[in-house]
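First up is the structure itself, then whatever we jot down about it.
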Amino acid sequence: MEKKRILSGMRPTGRLHLGNLHGALANWVDIQNTNTYDCFYFVADWHALTSDYKDTDLIKAYSLDMVVDWLSVGLDPARSTLFVQSEVPEHAELFLILSMITPLSWLERNPTYKEMQEELSNKDIGTFGFLGYPVLQAADIIMYKAYGVPVGVDQLPHVELTREIARRFNFLYKEIFPIPEPLLAQVPKLLGLDGRKMSKSYENTIYLRDRGDELRQKIASMFTDPQRMKRKNPGRPDVCNAFPFHTIYSPSSEVDEIADACRTAGIGCVECKKRLAQRIVEGMAPIHERQDHYLNHLGDVKEIMADGVRRASKIARLTMEQVREAVKI
Ligand code: TRP
Ligand code: SF4
């Protein structure tokens with residue numbers, strides 16, 4: 001029996017950080033490792049253009065970097081198809097057709113649209129492409145007749161819109177598309193070094209490429225419990241920024257011990273973050289080893305991507321044949 005298909009994508013607008021790893025990538029890897037699904041993960045480079053169309057110099061480099069990091073955290077090309085969106089131009093054709101049947105009002109009321117416009121107020125994103133972003137995303141998803149779409153909560157409105165667009169296509173032309181489900185993972189709440197959302201624009205990130213002293217320094221600079229001004233003040237792990245990282249990187253017996261020691265002022269923040277840094281350095285070591293390997297074998301990475309494009313294109317071509325027939329174009 002054919003496995004159900006899973007699809008997700010990421011925009012290559014910068015290097016990957018721990019927020020990306022624990023918020024999304026780890027979930028992708030877990031889903032792959034169940035061996036229950038046929039996974040498609042792609043670099044959404046056309047989507048990167050929606051916010052970065054004025055500055056496209058780095059998109060290609062980020063795309064390759066992204067795939068290197070995907071492989072380093074455990075995505076396995078034998079089980080997951082990894083490809084770049086713009087290498088499968090069928091996405092653009094399906095986007096065009098879907099744009100014909102998507103009411104403007106669905107796009108205008110999209111909450112992510114309004115939020116992003118506020119968040120990216122430094123960029124000029126009053127464009128047609130930016131408004132149509134979810135239509136392109138819908139094309140990405142239904143092209144592969146995906147059963148499930150692993151995403152974060154921020155992407156739920158987009159998946160909901162995808163479902164509506166797929167239903168509308170099925171209703172207007174022909175029942176071609178299954179209605180995809182969003183797959184939300186339980187994600188640990190990791191914030192940036194300064195307690196805001198981890199984001200490259202805030203310069204508060206720990207990148208998957210950070211190592212050694214740079215990595216340790218960043219961890220030493222993490223904000224902790226703001227009420228813990230002095231070493232003798234008891235601390236509150238539940239409001240401390242560093243503590244959630246312990247829950248991921250330190251063994252659970254130590255996590256409890258640290259929480260207790262924090263609450264009783266038995267450990268200071270400097271010491272606590274030193275221990276954390278050591279755990280993170282150790283935890284990242286296998287990822288960094290694989291990164292080195294792939295960075296020394298970029299030809300292999302490009303071959304993996306080319307193979308992904310071949311696998312994705314095969315399905316995309318079949319879907320588009322059905323679409324053209326259904327639309328009678
Ligand atoms: N919009 C997603 C994000 O910003 C990226 C994306 C593009 C995507 N196409 C997709 C995610 C299809 C899931 C499925 O993170
Ligand atoms: Fe956070 Fe550790 Fe300081 Fe407690 S001791 S506030 S957990 S850094």
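Here's how to read the names in the structure tokens: chain A, B, ... by the order shown, residue numbers from 1 in each chain, ligand numbers from 1 in the order shown.
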
query: Looking only at the backbone, which of the residues in range 165-268 of chain A does DSSP tag as strand (DSSP E or B), as a ChimeraX atom specification?
result: /A:181-183,207

task: Set the cut-off to 9 Å, count only C-alpha atoms and all ligand atoms, and list whatever residues fall near ligand 2 as a PyMOL selection string.
output: chain A and resi 222-228+231+234-244+246+258-263+265-273+276

- request: Throw together the list of residues within 10 Å of ligand 1, counting only C-alpha atoms and all ligand atoms, and drop it here as an MDAnalysis selection string.
  value: chainID A and resid 6:13 20 24 40:48 85 112 133:142 146 148:152 154:156 158:159 162 182

message: Could you pull out the alpha helix (DSSP H) residues of range 65-268 of chain A, going by DSSP on the backbone, and write them as a ChimeraX atom specification?
response: /A:65-73,90-101,104-108,111-119,128-131,133-143,156-172,212-220,243-249,252-263

- prompt: Using only C-alpha atoms, which residue out of A:Lys197, A:Lys230, A:Arg311, A:Arg324 lies closest to Ser80 in chain A?
  reply: A:Arg311

Would you tabulate, counting only C-alpha atoms, all residues of range 152-202 of chain A that have an atom at most 12 Å from an atom of range 31-38 of chain A, showing the closest pair of atoms and their distance in Å to one decimal, sorted by chain then ascending number, as JSON lines?
{"residue": "A:Leu183", "atom": "CA", "partner": "A:Ile31", "partner_atom": "CA", "distance": 9.8}
{"residue": "A:Leu184", "atom": "CA", "partner": "A:Ile31", "partner_atom": "CA", "distance": 11.2}
{"residue": "A:Ala185", "atom": "CA", "partner": "A:Ile31", "partner_atom": "CA", "distance": 9.9}

Selection above as a file: N, CA and C atoms, as a short mmCIF file (atom, residue, chain, number, x, y, z; two decimals), in the first residue's frame:
data_model
loop_
_atom_site.label_atom_id
_atom_site.label_comp_id
_atom_site.auth_asym_id
_atom_site.auth_seq_id
_atom_site.Cartn_x
_atom_site.Cartn_y
_atom_site.Cartn_z
N LEU A 183 -0.55 19.22 10.93
CA LEU A 183 -0.01 18.35 11.98
C LEU A 183 0.80 19.21 12.94
N LEU A 184 0.18 19.50 14.07
CA LEU A 184 0.85 20.33 15.08
C LEU A 184 1.63 19.44 16.02
N ALA A 185 2.85 19.83 16.31
CA ALA A 185 3.64 19.05 17.28
C ALA A 185 3.62 19.77 18.61
#

task: Determine the nearest neighbour of Arg5 in chain A from the options A:Pro188, A:Pro178, A:Pro286, A:Pro251, counting only C-alpha atoms.
output: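 The closest residue to Arg5 in chain A is A:Pro178.
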
Spatial neighbours of range 163-176 of chain A, 9 Å, only C-alpha atoms, chain gap at least 4 places, as a ChimeraX atom specification: /A:98,101-102,135,138,142,145,158-159,180-181,319,322-323,326-328

Store the residues picked out above in a file with C-alpha atoms, as a PDB file, in the first residue's frame.
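Once everything was written out, this is selection_14.pdb:
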ATOM      1  CA  LEU A  98      -5.692  28.561  -7.910  1.00  0.00           C
ATOM      2  CA  ILE A 101     -10.604  30.718  -8.021  1.00  0.00           C
ATOM      3  CA  THR A 102      -9.525  32.266  -4.711  1.00  0.00           C
ATOM      4  CA  VAL A 135      -2.305  30.676  -2.606  1.00  0.00           C
ATOM      5  CA  ALA A 138      -1.857  25.986  -1.155  1.00  0.00           C
ATOM      6  CA  ILE A 142      -2.102  20.113  -2.841  1.00  0.00           C
ATOM      7  CA  LYS A 145      -1.983  15.608  -2.536  1.00  0.00           C
ATOM      8  CA  HIS A 158      -2.570  29.161   5.837  1.00  0.00           C
ATOM      9  CA  VAL A 159      -3.413  25.484   6.056  1.00  0.00           C
ATOM     10  CA  PRO A 180      -4.920  18.248   3.982  1.00  0.00           C
ATOM     11  CA  GLU A 181      -4.649  18.156   7.766  1.00  0.00           C
ATOM     12  CA  THR A 319      -1.059  16.307 -10.805  1.00  0.00           C
ATOM     13  CA  GLN A 322      -5.143  16.016 -13.992  1.00  0.00           C
ATOM     14  CA  VAL A 323      -5.585  19.705 -13.223  1.00  0.00           C
ATOM     15  CA  ALA A 326     -10.258  19.103 -14.954  1.00  0.00           C
ATOM     16  CA  VAL A 327     -10.074  22.798 -15.858  1.00  0.00           C
ATOM     17  CA  LYS A 328     -10.296  21.932 -19.581  1.00  0.00           C
TER      18      LYS A 328
END

field: For His288 in chain A, the nearest of the candidates A:Leu208, A:Leu104, A:Met116, A:Leu49, counting only C-alpha atoms
entry: A:Leu208

task: Can you pull out every residue within 12 Å of Gln278 in chain A, counting only C-alpha atoms, but drop anything in the same chain fewer than 5 positions away, and send it as a list in words?
output: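 Listing them by chain and then by number gives Arg211, Gly212, Asp213, Leu215, Arg216, Gln217, Ile219, Ala220, Phe245, His246, Tyr249, Ser250, Glu271, Cys272, Lys273, Gly283, Met284 and Ala285 of chain A.
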
- request: Would you mind listing what lies within 9 Å of Ile304 in chain A as JSON, numbers by chain, with only C-alpha atoms counted and same-chain residues fewer than 6 positions away left out?
  value: {"A": [77, 81, 82, 83]}

Spatial neighbours of Asp300 in chain A, 12 Å, only C-alpha atoms, chain gap at least 3 places, as a PyMOL selection string: chain A and resi 64+67-68+71+77+293-297+303-307

field: Arg317 in chain A surroundings by only C-alpha atoms, 12 Å radius, close-in-sequence under 3 positions cut, as a PyMOL selection string
entry: chain A and resi 88-91+93-94+143-144+309-314+320-324

Go ahead and save the picked residues with C-alpha atoms, as an mmCIF file, in the first residue's frame.
data_model
loop_
_atom_site.group_PDB
_atom_site.id
_atom_site.type_symbol
_atom_site.label_atom_id
_atom_site.label_comp_id
_atom_site.auth_asym_id
_atom_site.auth_seq_id
_atom_site.Cartn_x
_atom_site.Cartn_y
_atom_site.Cartn_z
ATOM 1 C CA VAL A 88 9.618 22.440 -9.888
ATOM 2 C CA PRO A 89 7.928 25.138 -11.985
ATOM 3 C CA GLU A 90 4.599 23.289 -11.829
ATOM 4 C CA HIS A 91 4.127 25.077 -8.492
ATOM 5 C CA GLU A 93 1.319 26.965 -12.833
ATOM 6 C CA LEU A 94 -0.914 25.561 -10.114
ATOM 7 C CA MET A 143 0.361 19.526 -5.699
ATOM 8 C CA TYR A 144 1.513 16.466 -3.763
ATOM 9 C CA VAL A 309 13.604 17.552 -7.708
ATOM 10 C CA ARG A 310 13.254 14.476 -9.925
ATOM 11 C CA ARG A 311 11.041 12.722 -7.397
ATOM 12 C CA ALA A 312 8.907 15.807 -6.753
ATOM 13 C CA SER A 313 8.594 16.633 -10.469
ATOM 14 C CA LYS A 314 7.252 13.198 -11.255
ATOM 15 C CA MET A 320 -0.860 19.061 -13.411
ATOM 16 C CA GLU A 321 -2.086 16.696 -16.129
ATOM 17 C CA GLN A 322 -5.143 16.016 -13.992
ATOM 18 C CA VAL A 323 -5.585 19.705 -13.223
ATOM 19 C CA ARG A 324 -5.422 20.766 -16.861
#
